[in-house]
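Heads up, start39.pdb below (PDB, C-alpha atoms):
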```pdb
ATOM      1  CA  ARG A   1     270.172  -6.105  19.065  1.00  0.00           C
ATOM      2  CA  ARG A   2     267.283  -4.325  20.718  1.00  0.00           C
ATOM      3  CA  ARG A   3     267.639  -1.492  18.253  1.00  0.00           C
ATOM      4  CA  ARG A   4     267.592  -3.898  15.298  1.00  0.00           C
ATOM      5  CA  ARG A   5     264.469  -5.678  16.571  1.00  0.00           C
ATOM      6  CA  SER A   6     262.657  -2.403  17.111  1.00  0.00           C
ATOM      7  CA  SER A   7     263.570  -1.173  13.672  1.00  0.00           C
ATOM      8  CA  SER A   8     262.460  -4.433  12.039  1.00  0.00           C
ATOM      9  CA  SER A   9     259.187  -4.438  13.966  1.00  0.00           C
ATOM     10  CA  SER A  10     258.573  -0.851  12.955  1.00  0.00           C
ATOM     11  CA  SER A  11     259.167  -1.750   9.316  1.00  0.00           C
ATOM     12  CA  ARG A  12     256.675  -4.631   9.669  1.00  0.00           C
ATOM     13  CA  GLY A  13     254.162  -2.193  11.118  1.00  0.00           C
ATOM     14  CA  ALA A  14     254.709   0.149   8.250  1.00  0.00           C
ATOM     15  CA  GLY A  15     254.211  -2.708   5.801  1.00  0.00           C
ATOM     16  CA  GLY A  16     251.079  -3.844   7.591  1.00  0.00           C
ATOM     17  CA  GLY A  17     249.812  -0.304   7.526  1.00  0.00           C
ATOM     18  CA  GLU A  18     250.376  -0.080   3.814  1.00  0.00           C
ATOM     19  CA  GLY A  19     248.668  -3.415   3.288  1.00  0.00           C
ATOM     20  CA  GLY A  20     245.744  -2.349   5.423  1.00  0.00           C
ATOM     21  CA  GLY A  21     245.466   0.853   3.494  1.00  0.00           C
ATOM     22  CA  GLY A  22     245.491  -1.081   0.248  1.00  0.00           C
ATOM     23  CA  GLY A  23     242.739  -3.359   1.539  1.00  0.00           C
ATOM     24  CA  ARG A  24     240.660  -0.403   2.536  1.00  0.00           C
ATOM     25  CA  GLY A  25     241.232   1.118  -0.876  1.00  0.00           C
ATOM     26  CA  THR A  26     239.939  -2.026  -2.549  1.00  0.00           C
ATOM     27  CA  THR A  27     236.835  -2.033  -0.368  1.00  0.00           C
ATOM     28  CA  GLY A  28     236.175   1.602  -1.194  1.00  0.00           C
ATOM     29  CA  GLY A  29     236.537   0.841  -4.893  1.00  0.00           C
ATOM     30  CA  SER A  30     233.989  -1.981  -4.718  1.00  0.00           C
ATOM     31  CA  SER A  31     231.492   0.266  -2.917  1.00  0.00           C
ATOM     32  CA  ASN A  32     231.983   2.914  -5.561  1.00  0.00           C
ATOM     33  CA  ASN A  33     231.309   0.306  -8.228  1.00  0.00           C
ATOM     34  CA  LYS A  34     228.094  -0.702  -6.445  1.00  0.00           C
ATOM     35  CA  GLN A  35     226.962   2.911  -6.293  1.00  0.00           C
ATOM     36  CA  SER A  36     227.774   3.341  -9.961  1.00  0.00           C
ATOM     37  CA  ASP A  37     225.803   0.192 -10.834  1.00  0.00           C
ATOM     38  CA  ALA A  38     222.879   1.429  -8.755  1.00  0.00           C
ATOM     39  CA  LYS A  39     222.932   4.763 -10.546  1.00  0.00           C
ATOM     40  CA  SER A  40     223.051   3.019 -13.924  1.00  0.00           C
ATOM     41  CA  THR A  41     220.155   0.769 -12.979  1.00  0.00           C
ATOM     42  CA  GLY A  42     218.156   3.731 -11.699  1.00  0.00           C
ATOM     43  CA  GLY A  43     218.870   5.679 -14.858  1.00  0.00           C
ATOM     44  CA  ALA A  44     217.789   2.756 -17.015  1.00  0.00           C
ATOM     45  CA  ARG A  45     214.564   2.385 -15.049  1.00  0.00           C
ATOM     46  CA  ALA A  46     213.870   6.110 -15.302  1.00  0.00           C
ATOM     47  CA  GLY A  47     214.458   6.015 -19.054  1.00  0.00           C
ATOM     48  CA  GLN A  48     212.156   3.021 -19.404  1.00  0.00           C
ATOM     49  CA  SER A  49     209.500   4.816 -17.363  1.00  0.00           C
ATOM     50  CA  ARG A  50     209.771   7.894 -19.594  1.00  0.00           C
ATOM     51  CA  ARG A  51     209.452   5.745 -22.715  1.00  0.00           C
ATOM     52  CA  GLN A  52     206.380   4.047 -21.282  1.00  0.00           C
ATOM     53  CA  ARG A  53     204.770   7.410 -20.527  1.00  0.00           C
ATOM     54  CA  GLN A  54     205.521   8.632 -24.034  1.00  0.00           C
ATOM     55  CA  HIS A  55     204.175   5.396 -25.509  1.00  0.00           C
ATOM     56  CA  SER A  56     200.885   5.712 -23.638  1.00  0.00           C
ATOM     57  CA  SER A  57     200.418   9.470 -24.024  1.00  0.00           C
ATOM     58  CA  GLY A  58     197.840  11.175 -26.210  1.00  0.00           C
ATOM     59  CA  ILE A  59     198.017  14.396 -28.226  1.00  0.00           C
ATOM     60  CA  ASN A  60     197.529  17.861 -26.740  1.00  0.00           C
ATOM     61  CA  LEU A  61     197.313  20.808 -29.159  1.00  0.00           C
ATOM     62  CA  ASN A  62     195.346  23.189 -26.953  1.00  0.00           C
ATOM     63  CA  ASN A  63     195.428  26.972 -27.374  1.00  0.00           C
ATOM     64  CA  ASN A  64     196.916  26.888 -30.859  1.00  0.00           C
ATOM     65  CA  GLN A  65     196.669  30.437 -32.207  1.00  0.00           C
ATOM     66  CA  TYR A  66     198.495  29.852 -35.498  1.00  0.00           C
ATOM     67  CA  ILE A  67     195.727  28.035 -37.362  1.00  0.00           C
ATOM     68  CA  SER A  68     193.393  31.030 -37.403  1.00  0.00           C
ATOM     69  CA  LYS A  69     196.135  33.106 -39.055  1.00  0.00           C
ATOM     70  CA  MET A  70     196.717  30.647 -41.911  1.00  0.00           C
ATOM     71  CA  SER A  71     195.288  30.861 -45.402  1.00  0.00           C
ATOM     72  CA  ASP A  72     192.439  28.475 -46.238  1.00  0.00           C
ATOM     73  CA  LYS A  73     194.786  26.274 -48.237  1.00  0.00           C
ATOM     74  CA  ASP A  74     197.363  26.048 -45.455  1.00  0.00           C
ATOM     75  CA  ARG A  75     194.677  25.454 -42.834  1.00  0.00           C
ATOM     76  CA  LYS A  76     193.275  22.484 -44.757  1.00  0.00           C
ATOM     77  CA  ALA A  77     196.777  21.056 -45.172  1.00  0.00           C
ATOM     78  CA  ALA A  78     197.375  21.463 -41.437  1.00  0.00           C
ATOM     79  CA  PHE A  79     194.044  19.797 -40.641  1.00  0.00           C
ATOM     80  CA  VAL A  80     194.981  16.776 -42.757  1.00  0.00           C
ATOM     81  CA  LYS A  81     198.305  16.398 -40.906  1.00  0.00           C
ATOM     82  CA  ILE A  82     196.567  16.729 -37.541  1.00  0.00           C
ATOM     83  CA  ALA A  83     194.019  14.077 -38.493  1.00  0.00           C
ATOM     84  CA  GLU A  84     196.809  11.735 -39.544  1.00  0.00           C
ATOM     85  CA  ALA A  85     198.649  12.318 -36.259  1.00  0.00           C
ATOM     86  CA  ALA A  86     195.464  11.690 -34.275  1.00  0.00           C
ATOM     87  CA  LYS A  87     195.251   8.193 -35.749  1.00  0.00           C
ATOM     88  CA  LYS A  88     198.404   7.305 -33.807  1.00  0.00           C
ATOM     89  CA  ALA A  89     197.233   8.762 -30.493  1.00  0.00           C
ATOM     90  CA  LYS A  90     197.480   6.343 -27.584  1.00  0.00           C
ATOM     91  CA  GLY A  91     194.926   7.930 -25.305  1.00  0.00           C
ATOM     92  CA  PRO A  92     193.168  11.314 -25.553  1.00  0.00           C
ATOM     93  CA  PHE A  93     193.236  13.819 -28.404  1.00  0.00           C
ATOM     94  CA  SER A  94     192.727  17.379 -27.190  1.00  0.00           C
ATOM     95  CA  MET A  95     192.621  20.530 -29.305  1.00  0.00           C
ATOM     96  CA  THR A  96     190.713  23.219 -27.428  1.00  0.00           C
ATOM     97  CA  ASN A  97     190.665  26.943 -28.198  1.00  0.00           C
ATOM     98  CA  ALA A  98     192.358  26.476 -31.555  1.00  0.00           C
ATOM     99  CA  GLY A  99     189.959  28.092 -34.034  1.00  0.00           C
ATOM    100  CA  LEU A 100     188.604  24.767 -35.319  1.00  0.00           C
ATOM    101  CA  ASP A 101     185.467  24.795 -37.466  1.00  0.00           C
ATOM    102  CA  ASP A 102     183.302  22.426 -39.487  1.00  0.00           C
ATOM    103  CA  THR A 103     186.024  22.094 -42.124  1.00  0.00           C
ATOM    104  CA  PHE A 104     188.321  20.562 -39.533  1.00  0.00           C
ATOM    105  CA  VAL A 105     185.518  18.321 -38.271  1.00  0.00           C
ATOM    106  CA  ARG A 106     184.894  16.953 -41.770  1.00  0.00           C
ATOM    107  CA  ILE A 107     188.600  16.171 -42.272  1.00  0.00           C
ATOM    108  CA  PHE A 108     188.900  14.772 -38.757  1.00  0.00           C
ATOM    109  CA  VAL A 109     185.867  12.532 -39.156  1.00  0.00           C
ATOM    110  CA  GLU A 110     186.896  11.267 -42.587  1.00  0.00           C
ATOM    111  CA  GLY A 111     190.530  10.746 -41.608  1.00  0.00           C
ATOM    112  CA  THR A 112     190.422   9.715 -37.952  1.00  0.00           C
ATOM    113  CA  LEU A 113     186.947   8.871 -36.650  1.00  0.00           C
ATOM    114  CA  GLN A 114     186.467   5.814 -38.794  1.00  0.00           C
ATOM    115  CA  PRO A 115     186.167   2.240 -37.475  1.00  0.00           C
ATOM    116  CA  GLY A 116     189.672   0.837 -37.042  1.00  0.00           C
ATOM    117  CA  ALA A 117     191.453   4.043 -38.125  1.00  0.00           C
ATOM    118  CA  ALA A 118     192.505   5.079 -34.614  1.00  0.00           C
ATOM    119  CA  PRO A 119     192.504   1.895 -32.518  1.00  0.00           C
ATOM    120  CA  HIS A 120     194.006   3.500 -29.403  1.00  0.00           C
ATOM    121  CA  LEU A 121     192.099   6.788 -29.370  1.00  0.00           C
ATOM    122  CA  THR A 122     190.093   7.015 -26.127  1.00  0.00           C
ATOM    123  CA  GLU A 123     188.992  10.653 -25.785  1.00  0.00           C
ATOM    124  CA  VAL A 124     188.205  13.606 -28.063  1.00  0.00           C
ATOM    125  CA  ASN A 125     188.224  17.113 -26.610  1.00  0.00           C
ATOM    126  CA  LEU A 126     187.367  19.929 -29.033  1.00  0.00           C
ATOM    127  CA  GLU A 127     185.928  22.432 -26.571  1.00  0.00           C
ATOM    128  CA  SER A 128     186.047  26.218 -27.067  1.00  0.00           C
ATOM    129  CA  ASN A 129     186.142  26.245 -30.864  1.00  0.00           C
ATOM    130  CA  SER A 130     183.825  27.339 -33.693  1.00  0.00           C
ATOM    131  CA  ILE A 131     181.997  24.109 -34.518  1.00  0.00           C
ATOM    132  CA  SER A 132     178.399  24.535 -35.685  1.00  0.00           C
ATOM    133  CA  ASN A 133     175.477  22.188 -36.302  1.00  0.00           C
ATOM    134  CA  PRO A 134     176.798  20.532 -39.493  1.00  0.00           C
ATOM    135  CA  GLY A 135     179.951  19.660 -37.570  1.00  0.00           C
ATOM    136  CA  PHE A 136     177.985  18.404 -34.577  1.00  0.00           C
ATOM    137  CA  ALA A 137     175.980  16.081 -36.825  1.00  0.00           C
ATOM    138  CA  MET A 138     179.147  14.616 -38.385  1.00  0.00           C
ATOM    139  CA  LEU A 139     180.731  14.065 -34.967  1.00  0.00           C
ATOM    140  CA  ALA A 140     177.634  12.444 -33.471  1.00  0.00           C
ATOM    141  CA  GLU A 141     177.350   9.953 -36.320  1.00  0.00           C
ATOM    142  CA  ALA A 142     181.075   9.179 -36.211  1.00  0.00           C
ATOM    143  CA  VAL A 143     181.526   8.604 -32.466  1.00  0.00           C
ATOM    144  CA  ALA A 144     178.667   6.105 -32.493  1.00  0.00           C
ATOM    145  CA  LYS A 145     180.951   3.789 -34.498  1.00  0.00           C
ATOM    146  CA  MET A 146     184.131   4.206 -32.402  1.00  0.00           C
ATOM    147  CA  PRO A 147     184.181   1.494 -29.719  1.00  0.00           C
ATOM    148  CA  THR A 148     187.460   2.720 -28.206  1.00  0.00           C
ATOM    149  CA  LEU A 149     186.079   6.165 -27.337  1.00  0.00           C
ATOM    150  CA  THR A 150     185.063   6.759 -23.734  1.00  0.00           C
ATOM    151  CA  SER A 151     184.789  10.555 -23.592  1.00  0.00           C
ATOM    152  CA  ILE A 152     183.579  13.317 -25.966  1.00  0.00           C
ATOM    153  CA  LYS A 153     183.933  16.983 -24.987  1.00  0.00           C
ATOM    154  CA  LEU A 154     182.391  19.662 -27.224  1.00  0.00           C
ATOM    155  CA  ARG A 155     181.221  22.468 -24.933  1.00  0.00           C
ATOM    156  CA  HIS A 156     181.698  26.200 -25.428  1.00  0.00           C
ATOM    157  CA  GLN A 157     181.264  26.469 -29.193  1.00  0.00           C
ATOM    158  CA  ARG A 158     179.963  29.606 -30.875  1.00  0.00           C
ATOM    159  CA  THR A 159     176.779  27.725 -31.736  1.00  0.00           C
ATOM    160  CA  ALA A 160     174.920  25.394 -29.386  1.00  0.00           C
ATOM    161  CA  PRO A 161     173.833  22.033 -30.820  1.00  0.00           C
ATOM    162  CA  SER A 162     170.301  21.960 -32.176  1.00  0.00           C
ATOM    163  CA  VAL A 163     167.742  19.693 -30.526  1.00  0.00           C
ATOM    164  CA  SER A 164     168.036  17.226 -33.394  1.00  0.00           C
ATOM    165  CA  ASN A 165     171.821  17.093 -32.931  1.00  0.00           C
ATOM    166  CA  GLN A 166     171.420  16.642 -29.192  1.00  0.00           C
ATOM    167  CA  ASP A 167     169.275  13.634 -29.979  1.00  0.00           C
ATOM    168  CA  LEU A 168     171.979  12.349 -32.334  1.00  0.00           C
ATOM    169  CA  PHE A 169     174.546  12.468 -29.521  1.00  0.00           C
ATOM    170  CA  LEU A 170     172.174  10.607 -27.206  1.00  0.00           C
ATOM    171  CA  LYS A 171     171.616   8.024 -29.917  1.00  0.00           C
ATOM    172  CA  ALA A 172     175.399   7.660 -30.233  1.00  0.00           C
ATOM    173  CA  MET A 173     175.621   6.830 -26.533  1.00  0.00           C
ATOM    174  CA  GLU A 174     172.966   4.155 -26.948  1.00  0.00           C
ATOM    175  CA  LEU A 175     174.732   2.619 -29.945  1.00  0.00           C
ATOM    176  CA  ASN A 176     178.191   2.915 -28.400  1.00  0.00           C
ATOM    177  CA  PRO A 177     178.066   1.967 -24.694  1.00  0.00           C
ATOM    178  CA  SER A 178     181.816   2.545 -24.338  1.00  0.00           C
ATOM    179  CA  ILE A 179     181.055   6.295 -24.111  1.00  0.00           C
ATOM    180  CA  ILE A 180     180.818   7.114 -20.408  1.00  0.00           C
ATOM    181  CA  LYS A 181     181.285  10.889 -20.723  1.00  0.00           C
ATOM    182  CA  MET A 182     179.421  13.088 -23.206  1.00  0.00           C
ATOM    183  CA  SER A 183     180.192  16.738 -22.503  1.00  0.00           C
ATOM    184  CA  VAL A 184     177.848  18.483 -24.947  1.00  0.00           C
ATOM    185  CA  GLU A 185     175.483  21.372 -24.273  1.00  0.00           C
ATOM    186  CA  MET A 186     171.902  20.091 -24.001  1.00  0.00           C
ATOM    187  CA  ASN A 187     168.585  21.276 -22.667  1.00  0.00           C
ATOM    188  CA  ARG A 188     167.340  20.081 -19.276  1.00  0.00           C
ATOM    189  CA  GLU A 189     165.337  17.131 -20.550  1.00  0.00           C
ATOM    190  CA  ARG A 190     168.138  15.766 -22.697  1.00  0.00           C
ATOM    191  CA  SER A 191     170.784  16.473 -20.060  1.00  0.00           C
ATOM    192  CA  ALA A 192     168.871  14.222 -17.669  1.00  0.00           C
ATOM    193  CA  LYS A 193     168.731  11.480 -20.297  1.00  0.00           C
ATOM    194  CA  ARG A 194     172.451  11.896 -20.983  1.00  0.00           C
ATOM    195  CA  ASP A 195     173.267  11.551 -17.279  1.00  0.00           C
ATOM    196  CA  LYS A 196     171.223   8.364 -17.148  1.00  0.00           C
ATOM    197  CA  LEU A 197     173.005   6.935 -20.201  1.00  0.00           C
ATOM    198  CA  GLU A 198     176.407   7.800 -18.740  1.00  0.00           C
ATOM    199  CA  SER A 199     175.498   5.931 -15.562  1.00  0.00           C
ATOM    200  CA  GLN A 200     174.203   2.931 -17.523  1.00  0.00           C
ATOM    201  CA  ASN A 201     177.317   2.779 -19.684  1.00  0.00           C
ATOM    202  CA  ARG A 202     179.612   3.003 -16.654  1.00  0.00           C
ATOM    203  CA  ASP A 203     177.714   0.138 -15.069  1.00  0.00           C
ATOM    204  CA  LEU A 204     178.020  -1.931 -18.247  1.00  0.00           C
ATOM    205  CA  LYS A 205     181.742  -1.263 -18.324  1.00  0.00           C
ATOM    206  CA  ARG A 206     182.109  -2.283 -14.681  1.00  0.00           C
ATOM    207  CA  LYS A 207     180.228  -5.537 -15.304  1.00  0.00           C
ATOM    208  CA  ALA A 208     182.419  -6.252 -18.326  1.00  0.00           C
ATOM    209  CA  ARG A 209     185.558  -5.813 -16.198  1.00  0.00           C
ATOM    210  CA  LEU A 210     184.219  -8.159 -13.526  1.00  0.00           C
ATOM    211  CA  LYS A 211     183.309 -10.758 -16.154  1.00  0.00           C
ATOM    212  CA  ALA A 212     186.794 -10.538 -17.684  1.00  0.00           C
ATOM    213  CA  ARG A 213     188.424 -10.994 -14.258  1.00  0.00           C
ATOM    214  CA  ALA A 214     186.241 -13.999 -13.512  1.00  0.00           C
ATOM    215  CA  ALA A 215     187.166 -15.557 -16.857  1.00  0.00           C
ATOM    216  CA  THR A 216     190.863 -14.988 -16.178  1.00  0.00           C
ATOM    217  CA  ARG A 217     190.635 -16.611 -12.760  1.00  0.00           C
ATOM    218  CA  SER A 218     188.794 -19.640 -14.097  1.00  0.00           C
ATOM    219  CA  GLU A 219     191.458 -20.137 -16.778  1.00  0.00           C
ATOM    220  CA  SER A 220     194.260 -19.977 -14.221  1.00  0.00           C
TER     221      SER A 220
END
```

Could I get this structure in the form of structure tokens?
Amino acid sequence: RRRRRSSSSSSRGAGGGEGGGGGRGTTGGSSNNKQSDAKSTGGARAGQSRRQRQHSSGINLNNNQYISKMSDKDRKAAFVKIAEAAKKAKGPFSMTNAGLDDTFVRIFVEGTLQPGAAPHLTEVNLESNSISNPGFAMLAEAVAKMPTLTSIKLRHQRTAPSVSNQDLFLKAMELNPSIIKMSVEMNRERSAKRDKLESQNRDLKRKARLKARAATRSES
């Protein structure tokens, strides 16, 4: 009898052990599922973050050495495509050191720098190119009518802007107070005036933000 009881108790122990192992297996499976869900959630958030960055990014075509090697016909066709792409920029447009000249500026102004044509364009950086005074004049007149623009960068061209064109850029800052950065080569007198206008425009922008916040709080 003692032998039978011991054998039956040992079989119960074995069964309990198997059951315990099964329970532990189930618990391990649920933890694995939680980890898998966490990974999926993290991956979804990362993908959403990437899409948001892409949605809010601008256009960077710096150091493009192919344009200078194109024929005149192909260059003009490329300029038209670039101007069309710039209309969809959500942020800055930058094309430095790319062999751009007044022909590009004309196409860019006519195709992109028109009121309402590029509603999300905030910055234009065309530094280190071959823009001359006719191009400077077109740009100065155009940016004065672009309320979304906050920054214009045109330094390091083969030709420095004439005094009359420097005055046009200053006039653009007066007409368009959204411009808080005007990086254009100027003489000492006009540089001082530009710095003053940049400070004034930044202050106007700060006051506008405070007014908008106050209006939002009063509505809520």

Just how far from atom CA of Leu100 of chain A is atom CA of Asn64 of chain A, in Å to one decimal?
-> 9.7 Å

Do you have the atom CA of Ser130 of chain A-atom CA of Ile67 of chain A distance handy?
-> 12.5 Å

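Of the listed residues A:Arg213, A:Lys196, A:Lys88, A:Lys145, the one whose atoms come nearest to Val109 of chain A is A:Lys145, with distances taken using all atoms listed in the file.
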
Select all residues near (202.4, 25.5, -39.3) (cut-off 12 Å, inclusive, file coordinates), counting all atoms listed in the file, and output them as JSON, numbers by chain.
-> {"A": [64, 65, 66, 67, 68, 69, 70, 71, 73, 74, 75, 76, 77, 78, 79, 80, 81, 82]}

Smallest atom-to-atom distance to Ser151 of chain A: which of A:Asn165, A:Phe136, A:Ser178, A:Glu123, using all atoms listed in the file?
-> A:Glu123

Among listed residues A:Arg217, A:Arg106, A:Lys90, A:Arg206, nearest Ile180 of chain A (using all atoms listed in the file) |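 Residue with the minimum atom-to-atom distance to Ile180 of chain A: A:Arg206.
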